[in-house]
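Asker: What follows is the file final27.txt, containing compact mmCIF, C-alpha atoms:
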```
# COMPACT_ATOMS: atom_id res chain seq x y z
CA MET A 163 44.68 23.91 -6.93
CA GLY A 164 44.15 20.51 -5.27
CA PHE A 165 41.34 21.94 -3.19
CA ILE A 166 39.63 23.34 -6.26
CA HIS A 167 40.15 20.11 -8.18
CA ASN A 168 38.55 18.02 -5.40
CA MET A 169 35.44 20.16 -5.14
CA GLY A 170 32.29 18.12 -5.70
CA LEU A 171 30.96 20.90 -7.89
CA TRP A 172 32.89 19.52 -10.88
CA SER A 173 31.34 16.06 -10.46
CA VAL A 174 27.68 17.07 -10.55
CA THR A 175 25.80 15.07 -13.21
CA PRO A 176 22.22 15.22 -14.53
CA GLY A 177 21.51 12.04 -12.58
CA LEU A 178 22.64 13.65 -9.32
CA LEU A 179 20.53 16.72 -10.04
CA GLY A 180 17.56 14.45 -10.58
CA MET A 181 18.13 12.77 -7.22
CA TRP A 182 18.42 16.17 -5.53
CA LEU A 183 15.05 17.05 -7.00
CA ILE A 184 13.53 13.82 -5.68
CA GLY A 185 14.99 14.39 -2.22
CA LEU A 186 13.79 17.99 -2.12
CA THR A 187 10.34 16.89 -3.29
CA LEU A 188 10.05 14.45 -0.40
CA ILE A 189 11.16 17.17 2.01
CA TYR A 190 8.54 19.53 0.55
CA LEU A 191 5.78 16.91 0.86
CA ALA A 192 6.80 16.18 4.45
CA ILE A 193 6.81 19.84 5.51
CA LYS A 194 4.13 21.49 3.41
CA LYS A 195 1.71 18.58 2.91
CA GLN A 196 2.60 16.70 6.10
CA TYR A 197 2.79 13.38 4.23
CA GLU A 198 4.42 10.95 6.68
CA PRO A 199 6.81 13.71 7.84
CA LEU A 200 8.55 11.59 10.48
CA LEU A 201 9.96 9.35 7.73
CA LEU A 202 9.77 11.27 4.47
CA LEU A 203 11.73 14.23 5.90
CA PRO A 204 14.82 12.22 6.95
CA ILE A 205 14.51 9.99 3.87
CA GLY A 206 14.46 13.04 1.60
CA PHE A 207 17.48 14.56 3.33
CA GLY A 208 19.27 11.20 3.22
CA ILE A 209 18.74 11.08 -0.56
CA LEU A 210 20.20 14.56 -0.86
CA LEU A 211 23.25 13.67 1.25
CA ALA A 212 23.94 10.39 -0.55
CA ASN A 213 24.02 12.16 -3.91
CA LEU A 214 26.50 14.89 -3.03
CA PRO A 215 29.65 14.03 -5.03
CA ASN A 216 32.97 13.48 -3.23
CA ALA A 217 31.28 13.66 0.19
CA GLU A 218 31.84 9.90 0.58
CA LEU A 219 29.03 9.59 3.12
CA MET A 220 28.07 6.17 1.74
CA THR A 221 31.61 4.92 1.11
CA GLU A 222 31.79 1.36 2.36
CA GLY A 223 33.71 0.97 5.58
CA GLN A 224 34.14 4.64 6.39
CA GLY A 225 31.16 6.80 5.36
CA LEU A 226 28.94 8.13 8.15
CA LEU A 227 25.68 7.16 6.44
CA TRP A 228 27.13 3.80 5.45
CA ARG A 229 27.73 3.10 9.15
CA PHE A 230 24.13 4.03 9.96
CA TYR A 231 22.94 1.66 7.24
CA HIS A 232 25.38 -1.15 7.96
CA TYR A 233 25.03 -1.31 11.73
CA GLY A 234 21.42 -0.20 11.90
CA ILE A 235 19.71 -1.99 9.01
CA GLU A 236 22.07 -4.69 7.71
CA TRP A 237 22.68 -5.80 11.28
CA GLU A 238 18.90 -5.87 11.85
CA ILE A 239 18.93 -3.41 14.76
CA ILE A 240 16.73 -0.48 13.74
CA PRO A 241 13.55 -2.17 12.39
CA PRO A 242 13.08 -4.35 15.51
CA LEU A 243 13.59 -1.30 17.73
CA ILE A 244 10.92 0.53 15.71
CA PHE A 245 8.57 -2.36 16.47
CA LEU A 246 9.44 -2.19 20.16
CA GLY A 247 8.12 1.37 20.17
CA LEU A 248 5.09 0.50 18.06
CA GLY A 249 4.21 -2.32 20.43
CA ALA A 250 4.34 0.06 23.37
CA LEU A 251 1.91 2.33 21.51
CA THR A 252 -0.52 -0.45 20.56
CA ASP A 253 -3.74 -1.33 22.36
CA PHE A 254 -4.92 -4.81 21.40
CA GLY A 255 -8.22 -4.24 23.21
CA PRO A 256 -10.32 -3.56 20.07
CA LEU A 257 -9.02 -6.77 18.49
CA LEU A 258 -9.45 -8.93 21.58
CA SER A 259 -13.00 -7.67 22.16
CA GLN A 260 -14.02 -9.01 18.74
CA PRO A 261 -11.53 -11.73 17.72
CA ARG A 262 -13.31 -12.31 14.40
CA LEU A 263 -11.82 -9.02 13.18
CA ILE A 264 -8.41 -10.67 12.97
CA PHE A 265 -9.59 -12.32 9.76
CA LEU A 266 -9.96 -8.88 8.17
CA GLY A 267 -6.34 -8.11 8.98
CA ALA A 268 -5.34 -11.40 7.38
CA GLY A 269 -7.65 -10.90 4.41
CA ALA A 270 -6.11 -7.52 3.65
CA GLN A 271 -2.79 -9.26 2.97
CA VAL A 272 -4.17 -10.75 -0.26
CA GLY A 273 -2.71 -7.79 -2.17
CA VAL A 274 0.76 -8.75 -0.94
CA TYR A 275 0.58 -12.19 -2.51
CA ILE A 276 -1.18 -11.09 -5.70
CA THR A 277 1.51 -8.48 -6.33
CA PHE A 278 4.23 -10.99 -5.50
CA PHE A 279 3.08 -13.26 -8.34
CA VAL A 280 2.50 -10.36 -10.74
CA ALA A 281 5.98 -8.95 -10.06
CA TYR A 282 7.56 -12.36 -10.61
CA ALA A 283 5.63 -12.76 -13.88
CA MET A 284 7.00 -9.38 -14.99
CA GLY A 285 10.57 -10.60 -14.67
CA PHE A 286 11.60 -9.67 -11.12
CA THR A 287 13.40 -12.35 -9.14
CA LEU A 288 11.50 -14.10 -6.35
CA PRO A 289 13.29 -12.11 -3.59
CA GLU A 290 12.63 -8.85 -5.47
CA ALA A 291 8.99 -9.80 -6.05
CA ALA A 292 8.54 -10.48 -2.32
CA SER A 293 10.10 -7.12 -1.43
CA ILE A 294 7.71 -5.38 -3.83
CA GLY A 295 4.63 -7.33 -2.78
CA ILE A 296 5.09 -6.53 0.91
CA ILE A 297 4.39 -2.87 0.08
CA GLY A 298 0.73 -3.92 0.03
CA GLY A 299 0.89 -4.49 3.78
CA SER A 300 1.41 -0.74 4.17
CA ASP A 301 3.94 -1.32 6.95
CA GLY A 302 7.10 0.69 6.38
CA PRO A 303 9.45 -0.96 8.92
CA THR A 304 8.45 -4.46 7.77
CA THR A 305 8.98 -3.46 4.13
CA ILE A 306 12.43 -2.12 4.98
CA TYR A 307 13.33 -5.19 7.03
CA LEU A 308 12.30 -7.65 4.31
CA ALA A 309 13.92 -5.70 1.47
CA SER A 310 17.19 -5.33 3.40
CA LYS A 311 17.41 -9.12 3.72
CA LEU A 312 16.09 -10.21 0.31
CA ALA A 313 16.74 -7.37 -2.13
CA PRO A 314 18.91 -4.62 -0.62
CA GLN A 315 19.36 -3.05 -4.06
CA LEU A 316 15.63 -2.17 -3.98
CA LEU A 317 15.56 -0.98 -0.37
CA GLY A 318 15.31 2.76 -0.98
CA VAL A 319 12.76 2.45 -3.77
CA VAL A 320 10.36 0.10 -1.97
CA ALA A 321 10.67 2.11 1.26
CA VAL A 322 9.78 5.38 -0.47
CA ALA A 323 6.92 3.63 -2.29
CA ALA A 324 5.58 2.15 0.94
CA TYR A 325 5.66 5.41 2.87
CA SER A 326 4.32 7.39 -0.08
CA TYR A 327 1.25 5.17 -0.34
CA MET A 328 0.80 5.23 3.44
CA ALA A 329 0.73 9.02 3.22
CA LEU A 330 -1.82 8.82 0.40
CA VAL A 331 -4.25 6.54 2.28
CA PRO A 332 -6.91 9.31 2.45
CA ILE A 333 -6.71 9.66 -1.33
CA ILE A 334 -6.34 6.03 -2.47
CA GLN A 335 -8.79 4.21 -0.23
CA PRO A 336 -12.07 6.23 -0.42
CA PRO A 337 -12.77 5.55 -4.13
CA ILE A 338 -12.28 1.82 -3.56
CA MET A 339 -14.54 1.95 -0.50
CA ARG A 340 -17.30 3.71 -2.42
CA LEU A 341 -16.98 1.31 -5.34
CA LEU A 342 -17.22 -1.86 -3.25
CA THR A 343 -19.84 -0.85 -0.67
CA THR A 344 -23.39 0.43 -0.80
CA GLU A 345 -24.62 3.37 1.24
CA LYS A 346 -26.66 0.94 3.31
CA GLU A 347 -23.54 -1.05 4.13
CA ARG A 348 -21.63 2.09 5.05
CA LYS A 349 -24.40 2.92 7.54
CA ILE A 350 -24.10 -0.37 9.43
CA ARG A 351 -23.70 0.30 13.14
CA MET A 352 -21.65 -2.33 14.88
CA HIS A 353 -22.32 -3.65 18.37
CA LYS A 354 -19.78 -3.21 21.12
CA GLY A 355 -17.61 -6.20 21.90
CA ARG A 356 -17.09 -7.65 25.34
CA LYS A 357 -14.98 -5.90 27.94
CA ILE A 358 -11.37 -7.09 28.01
CA THR A 359 -9.74 -7.86 31.36
CA HIS A 360 -6.26 -6.77 32.34
CA ASN A 361 -5.11 -10.39 32.53
CA GLU A 362 -6.19 -10.98 28.93
CA LYS A 363 -4.16 -8.00 27.78
CA LEU A 364 -1.17 -9.34 29.72
CA LEU A 365 -1.46 -12.84 28.31
CA PHE A 366 -1.98 -11.85 24.69
CA PRO A 367 1.56 -10.62 23.85
CA VAL A 368 3.10 -13.66 25.54
CA VAL A 369 0.83 -16.22 23.89
CA ALA A 370 0.96 -14.47 20.50
CA THR A 371 4.76 -14.39 20.58
CA VAL A 372 5.08 -18.10 21.30
CA VAL A 373 2.43 -19.23 18.82
CA ILE A 374 3.45 -17.00 15.90
CA ILE A 375 7.19 -17.56 16.23
CA LEU A 376 6.68 -21.31 16.52
CA LEU A 377 4.67 -21.23 13.30
CA VAL A 378 6.80 -18.65 11.42
CA PRO A 379 10.28 -18.52 13.03
CA PRO A 380 11.74 -15.89 10.62
CA SER A 381 9.23 -13.36 11.98
CA ALA A 382 10.90 -13.56 15.39
CA PRO A 383 13.03 -10.35 15.40
CA LEU A 384 10.11 -8.04 14.61
CA MET A 385 7.36 -10.01 16.36
CA ALA A 386 9.35 -10.44 19.56
CA MET A 387 10.08 -6.73 19.88
CA PHE A 388 6.51 -5.77 18.93
CA MET A 389 5.03 -7.95 21.66
CA LEU A 390 7.69 -7.00 24.22
CA GLY A 391 6.80 -3.35 23.73
CA ASN A 392 3.13 -4.19 24.21
CA LEU A 393 3.95 -6.14 27.38
CA PHE A 394 5.75 -3.04 28.70
CA ARG A 395 2.55 -1.10 28.08
CA GLU A 396 0.10 -3.54 29.58
CA SER A 397 2.12 -4.63 32.61
CA LYS A 398 1.66 -1.19 34.24
CA VAL A 399 4.85 -1.77 36.28
CA VAL A 400 7.51 -0.45 33.89
CA GLU A 401 6.15 2.96 32.93
CA ARG A 402 9.67 4.31 32.38
CA LEU A 403 10.49 1.56 29.90
CA SER A 404 7.16 1.95 28.15
CA ASP A 405 7.56 5.72 27.92
CA THR A 406 11.11 5.40 26.60
CA ALA A 407 10.06 2.87 23.97
CA GLN A 408 7.11 5.02 22.86
CA ASN A 409 8.95 8.32 22.73
CA ALA A 410 12.70 8.82 23.09
CA LEU A 411 13.87 5.48 21.66
CA LEU A 412 11.30 5.43 18.86
CA ASN A 413 12.17 8.98 17.83
CA ILE A 414 15.92 8.29 17.82
CA VAL A 415 15.75 5.13 15.72
CA THR A 416 13.26 6.76 13.35
CA ILE A 417 15.89 9.39 12.53
CA PHE A 418 18.54 6.78 11.77
CA LEU A 419 16.08 4.64 9.83
CA GLY A 420 14.94 7.46 7.55
CA VAL A 421 18.41 8.84 6.81
CA SER A 422 19.84 5.34 6.22
CA VAL A 423 17.07 4.36 3.82
CA GLY A 424 17.36 7.62 1.91
CA ALA A 425 21.11 7.15 1.63
CA THR A 426 20.63 3.90 -0.32
CA MET A 427 19.00 5.80 -3.19
CA ASN A 428 21.61 6.95 -5.66
CA ALA A 429 21.21 7.90 -9.29
CA ASP A 430 22.67 4.63 -10.59
CA THR A 431 20.05 2.48 -8.84
CA PHE A 432 17.06 4.82 -9.04
CA PHE A 433 16.92 5.92 -12.65
CA ARG A 434 15.93 2.59 -14.12
CA ARG A 435 12.78 1.41 -15.85
CA ASP A 436 12.21 -1.13 -13.08
CA VAL A 437 11.67 1.67 -10.59
CA ILE A 438 8.54 2.83 -12.39
CA PHE A 439 7.24 -0.74 -12.36
CA ILE A 440 7.92 -0.98 -8.62
CA PHE A 441 5.83 2.11 -7.87
CA VAL A 442 3.00 0.84 -10.10
CA LEU A 443 3.13 -2.61 -8.49
CA GLY A 444 3.22 -1.05 -5.02
CA LEU A 445 0.04 0.85 -5.82
CA LEU A 446 -1.53 -2.36 -7.14
CA ALA A 447 -0.62 -4.15 -3.91
CA PHE A 448 -2.11 -1.39 -1.79
CA MET A 449 -5.34 -1.24 -3.80
CA CYS A 450 -5.76 -5.03 -3.80
CA SER A 451 -5.20 -5.20 -0.04
CA THR A 452 -7.84 -2.51 0.53
CA ALA A 453 -10.32 -4.28 -1.75
CA SER A 454 -9.72 -7.76 -0.33
CA GLY A 455 -10.35 -6.55 3.23
CA ILE A 456 -13.67 -5.00 2.23
CA ILE A 457 -14.76 -8.05 0.21
CA LEU A 458 -13.92 -10.41 3.08
CA ALA A 459 -16.02 -8.31 5.47
CA LYS A 460 -18.96 -8.53 3.06
CA LEU A 461 -18.52 -12.31 2.83
CA MET A 462 -18.44 -12.65 6.62
CA ASN A 463 -21.74 -10.77 6.79
CA LEU A 464 -23.38 -13.57 4.81
CA PHE A 465 -22.86 -15.92 7.75
CA THR A 466 -23.60 -13.74 10.76
CA SER A 467 -26.47 -11.70 12.14
CA ASN A 468 -24.05 -9.39 13.94
CA LYS A 469 -23.11 -7.43 10.84
CA ILE A 470 -19.71 -5.92 10.19
CA ASN A 471 -19.44 -2.53 8.54
CA PRO A 472 -17.41 -3.47 5.42
CA LEU A 473 -15.51 -0.17 5.63
CA ILE A 474 -13.43 -1.53 8.50
CA GLY A 475 -12.13 -4.23 6.16
CA ALA A 476 -10.12 -1.53 4.41
CA ALA A 477 -8.42 -0.83 7.73
CA GLY A 478 -6.83 -4.28 7.51
CA VAL A 479 -3.90 -2.66 5.73
CA SER A 480 -1.56 -1.84 8.57
CA ALA A 481 -1.33 1.91 8.06
CA VAL A 482 -2.03 2.58 11.74
CA PRO A 483 -4.17 4.54 12.49
CA MET A 484 -4.68 6.33 9.17
CA SER A 485 -6.74 3.65 7.42
CA ALA A 486 -8.96 3.35 10.51
CA ARG A 487 -9.54 7.10 10.41
CA VAL A 488 -10.44 6.93 6.73
CA ALA A 489 -12.99 4.19 7.49
CA GLN A 490 -14.47 6.41 10.20
CA LYS A 491 -14.67 9.38 7.86
CA MET A 492 -16.48 7.35 5.21
CA ALA A 493 -18.93 5.98 7.78
CA THR A 494 -19.62 9.45 9.17
CA ALA A 495 -20.28 10.75 5.66
CA ALA A 496 -23.10 8.18 5.36
CA ASP A 497 -24.35 8.50 8.95
CA LYS A 498 -23.11 11.32 11.16
CA LYS A 499 -23.73 9.29 14.32
CA ASN A 500 -21.97 6.13 13.18
CA TYR A 501 -18.71 5.71 15.10
CA ILE A 502 -16.67 2.76 13.89
CA ILE A 503 -13.10 3.85 14.49
CA MET A 504 -12.59 1.60 17.53
CA PHE A 505 -13.89 -1.36 15.54
CA ALA A 506 -11.62 -0.37 12.63
CA MET A 507 -8.61 -0.42 14.96
CA GLY A 508 -9.13 -4.19 15.38
CA PRO A 509 -8.32 -5.16 11.77
CA ASN A 510 -5.83 -2.27 11.63
CA ILE A 511 -3.75 -3.87 14.39
CA ALA A 512 -4.38 -7.36 13.01
CA GLY A 513 -2.98 -6.09 9.71
CA VAL A 514 0.34 -5.30 11.40
CA ILE A 515 0.55 -8.88 12.63
CA GLY A 516 -0.56 -10.20 9.24
CA THR A 517 2.15 -8.26 7.43
CA LEU A 518 4.79 -9.50 9.86
CA ILE A 519 3.68 -13.07 9.23
CA ALA A 520 3.72 -12.52 5.46
CA ALA A 521 7.29 -11.21 5.70
CA GLY A 522 8.24 -14.22 7.80
CA VAL A 523 6.75 -16.58 5.21
CA PHE A 524 8.74 -14.91 2.43
CA LEU A 525 11.94 -15.14 4.46
CA ALA A 526 11.32 -18.81 5.24
CA MET A 527 10.78 -19.57 1.56
CA LEU A 528 13.34 -17.38 -0.12
CA LYS A 529 16.29 -16.65 2.12
```
Turn the structure described in the file into structure tokens.
Answerer:
Amino acid sequence: MGFIHNMGLWSVTPGLLGMWLIGLTLIYLAIKKQYEPLLLLPIGFGILLANLPNAELMTEGQGLLWRFYHYGIEWEIIPPLIFLGLGALTDFGPLLSQPRLIFLGAGAQVGVYITFFVAYAMGFTLPEAASIGIIGGSDGPTTIYLASKLAPQLLGVVAVAAYSYMALVPIIQPPIMRLLTTEKERKIRMHKGRKITHNEKLLFPVVATVVIILLVPPSAPLMAMFMLGNLFRESKVVERLSDTAQNALLNIVTIFLGVSVGATMNADTFFRRDVIFIFVLGLLAFMCSTASGIILAKLMNLFTSNKINPLIGAAGVSAVPMSARVAQKMATAADKKNYIIMFAMGPNIAGVIGTLIAAGVFLAMLK
């Protein structure tokens, strides 16, 4: 009788059923629609596991998923390791060949700050508002890192919002691009930048690490690992380390990250009115970031003869490389021989750095 009494079946509530549905929906979108499958699949399964009654997977001090979350995210291990792998995958060449494109990556962070103030005006605390605003950077690991330090109670919600909007880049961005650019602007063909030497690629991660961390010390954990991974890549002498960071290590920590984030989403914290506001504000942040990048590119064109295709401004949101691909698709639709994806990768990569700096600023101000 004790066995029957302890069965989780008797503890199933409508709230738990709702969370199962959400978890299964994310799994469906990951598999059938291929929306950010590397993260949405483990997040969806993590939601399902965390909402199985009497399983005690998130019980503090002893649950398996709690240990993943505690040692991996609360101890700030997993997000920096994700950035180590991302750095090893990143080529800063497109950005270094045309340094002016870094302004587009910075300009696309406007949505982060606009949403921060809007969220605070709506009644969220400053730490919560920062965790919501950073969704506009379209950088999942940075969103998770910031939320885990400032507003852990929102971690699962903002993470799902961030990755959902990253997956919907091909749907969200094109209407904004068409609205803010003319066909003539979309046809602009950009000139190739200068050729980057190997020494420049070696120096950049070292110099960038020192300068950025000196200016924004709280960005150090993510920035340091991001640039170390890139140094592995560009040094050409540690191929094994670079390969491990890009593949095996990145894949392993991605599993733990997704399951841990999903496990923070239980019925008590998810089914609240604030959650709807968070998703709406996340969308606002993403749309404002897209628009601000395009508008800044158009403004820069007023002061230069070497015109920038404004579409690449939308790539300033750090959804690498999806937003750059969307910019290319829009340019090709206007001119089949217009290839801008390598130019779009410049602000795309700059957007990653910009989002890291924004997170560091929030941490410096609010922690």
Asker: Under the rule that all atoms listed in the file are counted, which of A:Ala321, A:Ala512, A:Ala370, A:Ile264 is the nearest residue to Ala382 of chain A?
Answerer: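 Selected residue with least distance to Ala382 of chain A: A:Ala370.
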Asker: Excluding Leu288 of chain A and any residue of its chain fewer than 6 positions from it, enumerate the residues within 9 Å of it, using all atoms listed in the file, and give them as a PyMOL selection string.
Answerer: chain A and resi 278-279+281-282+312+528
Asker: I'd like to know which of A:Ile306, A:Leu473, A:Leu377, A:Leu201 is closest to Glu347 of chain A, using all atoms listed in the file.
Answerer: A:Leu473
Asker: Please determine, counting only C-alpha atoms, which residue among A:Leu226, A:Ala268, A:Met462, A:Ala429 has the shortest atom-to-atom distance to Leu179 of chain A.
Answerer: A:Ala429
Asker: So, counting only C-alpha atoms, which residue among A:Thr426, A:Thr431, A:Thr277, A:Asn413 is closest to Leu248 of chain A?
Answerer: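 Residue with the minimum atom-to-atom distance to Leu248 of chain A: A:Asn413.
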Asker: Determine the nearest neighbour of Gly522 of chain A from the options A:Leu258, A:Val373, A:Met385, A:Leu341, counting only C-alpha atoms.
Answerer: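 That would be A:Met385, the residue with the smallest distance to Gly522 of chain A.
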Asker: Looking at A:Leu257, A:Leu445, A:Ile456, A:Ala250, which one is nearest to Val400 of chain A, with distances taken over all atoms listed in the file?
Answerer: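 Using all atoms listed in the file, the shortest distance to Val400 of chain A belongs to A:Ala250.
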